[in-house]
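Chemist: Please see the structure below; I have some questions.
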Amino acid sequence: MNIVITGATGNIGTALTHELLSQGHRVTAVARPSARLDALAAAGAHPQAGDLHDVAFLTQALRGADAAFLMIPPNVTAPDVLAHMQQVGQAIAEAVRAAGLPAAVHLSSIGADEPAGTGPVVGLHHQEARLNQVPGLRVAHLRPAYFMENLLANIGLIQHMGITGSAMRPDLAFPMVATKDIAARAAALLTQSFEPGSVHYVLGPQNYTLPEAAQAIGQAIGRPELPYVPFSYEDAKQGMMQAGLSESMASLYDEMTRNMNAEKVMVKEARTAASASPTTLAEFARTVFAPAFAGATAAQVA
């Protein structure tokens, strides 16, 4: 098959590109110019460097493809995150229509069934509807849970304060999934038939609390007593902005956290055999978090 991957240099896109190449498919990797895109080209992908705002560029990249993996790359510094998502989402839909793309897997999110209250996921709610309306497109919406890779944002806190923390309730258990498992599910969908407009959840092996995540991380990095410290909503928002997020994105994450803590959104999706995925939090902590933490610590020392 001839498959196009947008966001090809992200965690999911990179794993997906390598998986499809290993299966013998022709893969076009679409992303901004970078060393990571060069590495995908060296692995056998056909690179297309450009911007997803550019309808003409994306139309050309999609034309002739059998299927595509579509996503709106995150922009945590955008002054208006939902407006940014709308602009990119509309450009993607226009390019899909112009190219006559027959099939796509769209990276959405748990919570995308809700029209409000889910922070940045609201943008994916609208993108699902947008893609469902493209004539002739058979689209499957992939709705993963909270990425385990989001926990990497704790590296600085661990280095400087010896803690992990957020405004999430310490007793709240919710689904977490490794991005490599999302890529595996996307690869399976891209190479098989599915119902147009169908929804596919990826929810990890079980629900976890953030103190359980801290425990797994602590064991993996040699700090078994690593604590999870709950922050106030205001402190968490200020911390996100100090870390470089725009006020728009910090406000959206604040909204999402408040509604998750109230158990209104994104925490109660029933796990089934189809939506479960294999990578445990302990495995993620050992194979992804620990090497990233060691690399960041070494770089800080240097």
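Following the order of the structure tokens, chains are lettered A, B, ..., residues in each are numbered from 1, and ligands are numbered from 1.
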Please list as JSON, numbers by chain every residue within 9 Å of A:Arg130, counting only C-alpha atoms and excluding residues in the same chain fewer than 4 positions away.

Modeler: {"A": [89, 90, 93, 125, 126, 134]}

Chemist: Using only C-alpha atoms, determine which residues lie at most 12 Å from stretch 184-195 of chain A, disregarding the query and same-chain residues fewer than 4 positions distant; provide the list as an mmCIF file with N, CA and C atoms, in the first residue's frame.

Modeler:
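To be explicit, this is the file written out as selection07.cif:
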data_model
loop_
_atom_site.group_PDB
_atom_site.id
_atom_site.type_symbol
_atom_site.label_atom_id
_atom_site.label_comp_id
_atom_site.auth_asym_id
_atom_site.auth_seq_id
_atom_site.Cartn_x
_atom_site.Cartn_y
_atom_site.Cartn_z
ATOM 1 N N MET A 1 0.831 -1.201 0.000
ATOM 2 C CA MET A 1 0.000 0.000 0.000
ATOM 3 C C MET A 1 0.866 1.252 0.000
ATOM 4 N N ASN A 2 0.299 2.325 -0.519
ATOM 5 C CA ASN A 2 0.937 3.631 -0.491
ATOM 6 C C ASN A 2 0.252 4.443 0.612
ATOM 7 N N ILE A 3 0.982 4.685 1.722
ATOM 8 C CA ILE A 3 0.383 5.283 2.911
ATOM 9 C C ILE A 3 1.118 6.561 3.276
ATOM 10 N N VAL A 4 0.364 7.614 3.553
ATOM 11 C CA VAL A 4 0.923 8.900 3.956
ATOM 12 C C VAL A 4 0.750 9.065 5.462
ATOM 13 N N ILE A 5 1.812 9.498 6.136
ATOM 14 C CA ILE A 5 1.774 9.733 7.580
ATOM 15 C C ILE A 5 1.999 11.215 7.842
ATOM 16 N N ASN A 11 6.165 11.074 18.304
ATOM 17 C CA ASN A 11 6.331 9.742 18.888
ATOM 18 C C ASN A 11 5.498 8.693 18.166
ATOM 19 N N ILE A 12 4.226 9.022 17.912
ATOM 20 C CA ILE A 12 3.353 8.059 17.239
ATOM 21 C C ILE A 12 3.752 7.922 15.782
ATOM 22 N N GLY A 13 3.945 9.042 15.093
ATOM 23 C CA GLY A 13 4.265 9.011 13.670
ATOM 24 C C GLY A 13 5.541 8.263 13.366
ATOM 25 N N THR A 14 6.576 8.451 14.184
ATOM 26 C CA THR A 14 7.847 7.766 13.962
ATOM 27 C C THR A 14 7.680 6.260 14.107
ATOM 28 N N ALA A 15 7.022 5.830 15.202
ATOM 29 C CA ALA A 15 6.811 4.394 15.408
ATOM 30 C C ALA A 15 5.933 3.808 14.303
ATOM 31 N N LEU A 16 4.922 4.547 13.885
ATOM 32 C CA LEU A 16 4.014 4.087 12.833
ATOM 33 C C LEU A 16 4.753 3.957 11.506
ATOM 34 N N THR A 17 5.585 4.934 11.186
ATOM 35 C CA THR A 17 6.343 4.886 9.933
ATOM 36 C C THR A 17 7.240 3.656 9.892
ATOM 37 N N HIS A 18 7.959 3.407 10.961
ATOM 38 C CA HIS A 18 8.853 2.239 10.999
ATOM 39 C C HIS A 18 8.066 0.929 10.914
ATOM 40 N N GLU A 19 6.913 0.883 11.576
ATOM 41 C CA GLU A 19 6.104 -0.338 11.531
ATOM 42 C C GLU A 19 5.610 -0.619 10.117
ATOM 43 N N LEU A 20 5.116 0.398 9.437
ATOM 44 C CA LEU A 20 4.605 0.204 8.081
ATOM 45 C C LEU A 20 5.730 -0.114 7.099
ATOM 46 N N LEU A 21 6.892 0.505 7.270
ATOM 47 C CA LEU A 21 8.036 0.174 6.418
ATOM 48 C C LEU A 21 8.440 -1.286 6.611
ATOM 49 N N SER A 22 8.398 -1.752 7.852
ATOM 50 C CA SER A 22 8.780 -3.147 8.127
ATOM 51 C C SER A 22 7.816 -4.133 7.483
ATOM 52 N N GLN A 23 6.577 -3.677 7.227
ATOM 53 C CA GLN A 23 5.579 -4.528 6.568
ATOM 54 C C GLN A 23 5.671 -4.447 5.044
ATOM 55 N N GLY A 24 6.564 -3.605 4.525
ATOM 56 C CA GLY A 24 6.774 -3.508 3.087
ATOM 57 C C GLY A 24 5.939 -2.465 2.377
ATOM 58 N N HIS A 25 5.281 -1.588 3.123
ATOM 59 C CA HIS A 25 4.464 -0.555 2.491
ATOM 60 C C HIS A 25 5.331 0.621 2.041
ATOM 61 N N VAL A 27 5.807 4.356 2.287
ATOM 62 C CA VAL A 27 5.380 5.326 3.285
ATOM 63 C C VAL A 27 5.909 6.714 2.932
ATOM 64 N N ALA A 65 -2.453 8.399 -2.758
ATOM 65 C CA ALA A 65 -2.278 7.495 -1.615
ATOM 66 C C ALA A 65 -3.472 6.564 -1.483
ATOM 67 N N ASP A 66 -3.209 5.368 -0.964
ATOM 68 C CA ASP A 66 -4.289 4.426 -0.656
ATOM 69 C C ASP A 66 -4.944 4.753 0.679
ATOM 70 N N ALA A 67 -4.162 5.312 1.590
ATOM 71 C CA ALA A 67 -4.670 5.659 2.919
ATOM 72 C C ALA A 67 -3.700 6.640 3.568
ATOM 73 N N ALA A 68 -4.160 7.304 4.629
ATOM 74 C CA ALA A 68 -3.300 8.248 5.332
ATOM 75 C C ALA A 68 -3.619 8.233 6.816
ATOM 76 N N PHE A 69 -2.590 8.540 7.599
ATOM 77 C CA PHE A 69 -2.739 8.785 9.028
ATOM 78 C C PHE A 69 -2.791 10.300 9.194
ATOM 79 N N LEU A 70 -3.896 10.799 9.711
ATOM 80 C CA LEU A 70 -4.129 12.242 9.808
ATOM 81 C C LEU A 70 -4.134 12.674 11.267
ATOM 82 N N MET A 71 -3.442 13.777 11.544
ATOM 83 C CA MET A 71 -3.441 14.316 12.899
ATOM 84 C C MET A 71 -3.206 15.817 12.854
ATOM 85 N N PRO A 102 -9.015 8.067 -0.352
ATOM 86 C CA PRO A 102 -10.118 7.129 -0.113
ATOM 87 C C PRO A 102 -10.290 6.687 1.335
ATOM 88 N N ALA A 103 -9.190 6.664 2.122
ATOM 89 C CA ALA A 103 -9.289 6.112 3.480
ATOM 90 C C ALA A 103 -8.296 6.805 4.398
ATOM 91 N N ALA A 104 -8.660 6.906 5.677
ATOM 92 C CA ALA A 104 -7.767 7.560 6.639
ATOM 93 C C ALA A 104 -8.034 7.045 8.037
ATOM 94 N N VAL A 105 -6.984 7.060 8.838
ATOM 95 C CA VAL A 105 -7.096 6.886 10.284
ATOM 96 C C VAL A 105 -6.753 8.231 10.906
ATOM 97 N N HIS A 106 -7.667 8.757 11.700
ATOM 98 C CA HIS A 106 -7.505 10.091 12.302
ATOM 99 C C HIS A 106 -7.162 9.936 13.771
ATOM 100 N N LEU A 107 -6.065 10.573 14.201
ATOM 101 C CA LEU A 107 -5.691 10.547 15.609
ATOM 102 C C LEU A 107 -6.557 11.538 16.374
ATOM 103 N N SER A 108 -7.501 11.015 17.126
ATOM 104 C CA SER A 108 -8.385 11.822 17.945
ATOM 105 C C SER A 108 -7.999 11.599 19.409
ATOM 106 N N ASN A 132 -15.721 13.377 8.911
ATOM 107 C CA ASN A 132 -16.885 12.536 8.593
ATOM 108 C C ASN A 132 -17.700 13.110 7.429
ATOM 109 N N LEU A 137 -14.601 9.802 1.645
ATOM 110 C CA LEU A 137 -13.551 9.409 2.580
ATOM 111 C C LEU A 137 -14.098 8.397 3.581
ATOM 112 N N ARG A 138 -13.410 7.273 3.685
ATOM 113 C CA ARG A 138 -13.708 6.269 4.724
ATOM 114 C C ARG A 138 -12.716 6.510 5.860
ATOM 115 N N VAL A 139 -13.208 7.000 7.006
ATOM 116 C CA VAL A 139 -12.311 7.407 8.084
ATOM 117 C C VAL A 139 -12.616 6.648 9.372
ATOM 118 N N ALA A 140 -11.556 6.250 10.068
ATOM 119 C CA ALA A 140 -11.660 5.668 11.406
ATOM 120 C C ALA A 140 -11.024 6.637 12.386
ATOM 121 N N HIS A 141 -11.672 6.853 13.511
ATOM 122 C CA HIS A 141 -11.163 7.782 14.523
ATOM 123 C C HIS A 141 -10.533 6.993 15.670
ATOM 124 N N LEU A 142 -9.258 7.219 15.887
ATOM 125 C CA LEU A 142 -8.515 6.547 16.947
ATOM 126 C C LEU A 142 -8.567 7.434 18.185
ATOM 127 N N ARG A 143 -9.105 6.901 19.284
ATOM 128 C CA ARG A 143 -9.273 7.693 20.506
ATOM 129 C C ARG A 143 -8.448 7.109 21.652
ATOM 130 N N PRO A 144 -7.159 7.439 21.703
ATOM 131 C CA PRO A 144 -6.346 6.952 22.815
ATOM 132 C C PRO A 144 -6.603 7.731 24.095
ATOM 133 N N VAL A 177 -1.847 5.199 28.216
ATOM 134 C CA VAL A 177 -1.423 4.333 27.112
ATOM 135 C C VAL A 177 -0.074 4.805 26.577
ATOM 136 N N ALA A 178 0.773 3.855 26.204
ATOM 137 C CA ALA A 178 2.057 4.172 25.581
ATOM 138 C C ALA A 178 1.848 4.509 24.110
ATOM 139 N N THR A 179 2.580 5.500 23.612
ATOM 140 C CA THR A 179 2.367 5.915 22.217
ATOM 141 C C THR A 179 2.729 4.812 21.234
ATOM 142 N N LYS A 180 3.644 3.912 21.594
ATOM 143 C CA LYS A 180 3.971 2.831 20.661
ATOM 144 C C LYS A 180 2.770 1.910 20.450
ATOM 145 N N VAL A 199 -15.162 4.407 15.560
ATOM 146 C CA VAL A 199 -14.351 4.915 16.665
ATOM 147 C C VAL A 199 -13.631 3.746 17.316
ATOM 148 N N HIS A 200 -12.333 3.946 17.595
ATOM 149 C CA HIS A 200 -11.506 2.879 18.151
ATOM 150 C C HIS A 200 -10.710 3.435 19.325
ATOM 151 N N TYR A 201 -11.007 2.951 20.532
ATOM 152 C CA TYR A 201 -10.305 3.409 21.721
ATOM 153 C C TYR A 201 -9.014 2.608 21.943
ATOM 154 N N VAL A 202 -8.012 3.263 22.536
ATOM 155 C CA VAL A 202 -6.780 2.591 22.966
ATOM 156 C C VAL A 202 -6.537 3.050 24.399
ATOM 157 N N LEU A 203 -6.719 2.135 25.360
ATOM 158 C CA LEU A 203 -6.845 2.535 26.760
ATOM 159 C C LEU A 203 -5.787 1.945 27.678
ATOM 160 N N GLY A 204 -4.741 1.325 27.121
ATOM 161 C CA GLY A 204 -3.720 0.749 27.990
ATOM 162 C C GLY A 204 -4.219 -0.498 28.694
ATOM 163 N N ALA A 274 -10.809 -5.218 22.794
ATOM 164 C CA ALA A 274 -10.390 -4.458 21.615
ATOM 165 C C ALA A 274 -9.677 -3.166 21.986
ATOM 166 N N SER A 275 -10.057 -2.552 23.107
ATOM 167 C CA SER A 275 -9.477 -1.240 23.449
ATOM 168 C C SER A 275 -8.277 -1.337 24.384
ATOM 169 N N ALA A 276 -8.041 -2.493 24.979
ATOM 170 C CA ALA A 276 -6.869 -2.655 25.842
ATOM 171 C C ALA A 276 -5.607 -2.698 24.994
ATOM 172 N N SER A 277 -4.500 -2.260 25.577
ATOM 173 C CA SER A 277 -3.207 -2.333 24.896
ATOM 174 C C SER A 277 -2.168 -2.811 25.906
ATOM 175 N N PRO A 278 -1.044 -3.374 25.451
ATOM 176 C CA PRO A 278 -0.214 -4.187 26.348
ATOM 177 C C PRO A 278 0.782 -3.477 27.247
ATOM 178 N N THR A 279 1.305 -2.317 26.866
ATOM 179 C CA THR A 279 2.428 -1.748 27.597
ATOM 180 C C THR A 279 1.996 -1.237 28.970
#

Chemist: Would you mind listing what lies within 8 Å of stretch 253-263 of chain A as JSON, numbers by chain, with only C-alpha atoms counted and same-chain residues fewer than 6 positions away left out?

Modeler: {"A": [117, 118, 119, 120, 167, 168, 169, 172, 233, 236, 237]}

Chemist: One number please: atom CA of A:Val121 to atom CA of A:Glu212, in Å, one decimal.

Modeler: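 For atom CA of A:Val121 relative to atom CA of A:Glu212, the distance reads 24.8 Å.
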
Chemist: Considering only helix (DSSP H, G or I) as DSSP defines it on the backbone, what residues of stretch 6-121 of chain A qualify? List them as a VMD selection string.

Modeler: chain A and resid 11 to 22 35 to 42 55 to 62 81 to 99 121

Chemist: Between A:Gly165, A:Pro230, A:Gly10, A:Gly218, which one has atoms that come closest to A:Ala153, using only C-alpha atoms?

Modeler: A:Gly165

Chemist: Given the choices A:Leu131, A:Val267, A:Ile92, A:Ala243, which gets closest to A:Met176 if the distance is worked out from only C-alpha atoms?

Modeler: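 Of A:Leu131, A:Val267, A:Ile92, A:Ala243, the one nearest A:Met176 is A:Val267, counting only C-alpha atoms.
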
Chemist: Would you pick out the contacts of A:Gly222 at 12 Å or less, using only C-alpha atoms, so that residues sharing its chain but fewer than 5 positions from it are not included, and give the list as a VMD selection string?

Modeler: chain A and resid 158 214 to 217 285 to 286 289 to 290 293 to 294

Chemist: Let me make sure I understand: among A:Thr280, A:Gln219, A:Thr209, A:Ser166, which one has the smallest atom-to-atom distance to A:Asp181 if we use only C-alpha atoms?

Modeler: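 Among A:Thr280, A:Gln219, A:Thr209, A:Ser166, it is A:Thr280 that comes nearest to A:Asp181.
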
Chemist: Go through A:Ala41, A:Ile110, A:Ala298, A:Leu101 and flag the residue nearest A:Gly136, using only C-alpha atoms for the distances.

Modeler: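 Using only C-alpha atoms, the shortest distance to A:Gly136 belongs to A:Leu101.
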
Chemist: Measuring atom to atom with only C-alpha atoms, identify which of A:Ala213, A:Ala250, A:Ala220, A:Ser109 is nearest to A:Ile182.

Modeler: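 Of all the options, A:Ser109 lies closest to A:Ile182.
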
Chemist: What does the distance from atom CA of A:Ala99 to atom CA of A:Gln133 come to in Å, to one decimal?

Modeler: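 Going from atom CA of A:Ala99 over to atom CA of A:Gln133, I get 15.0 Å.
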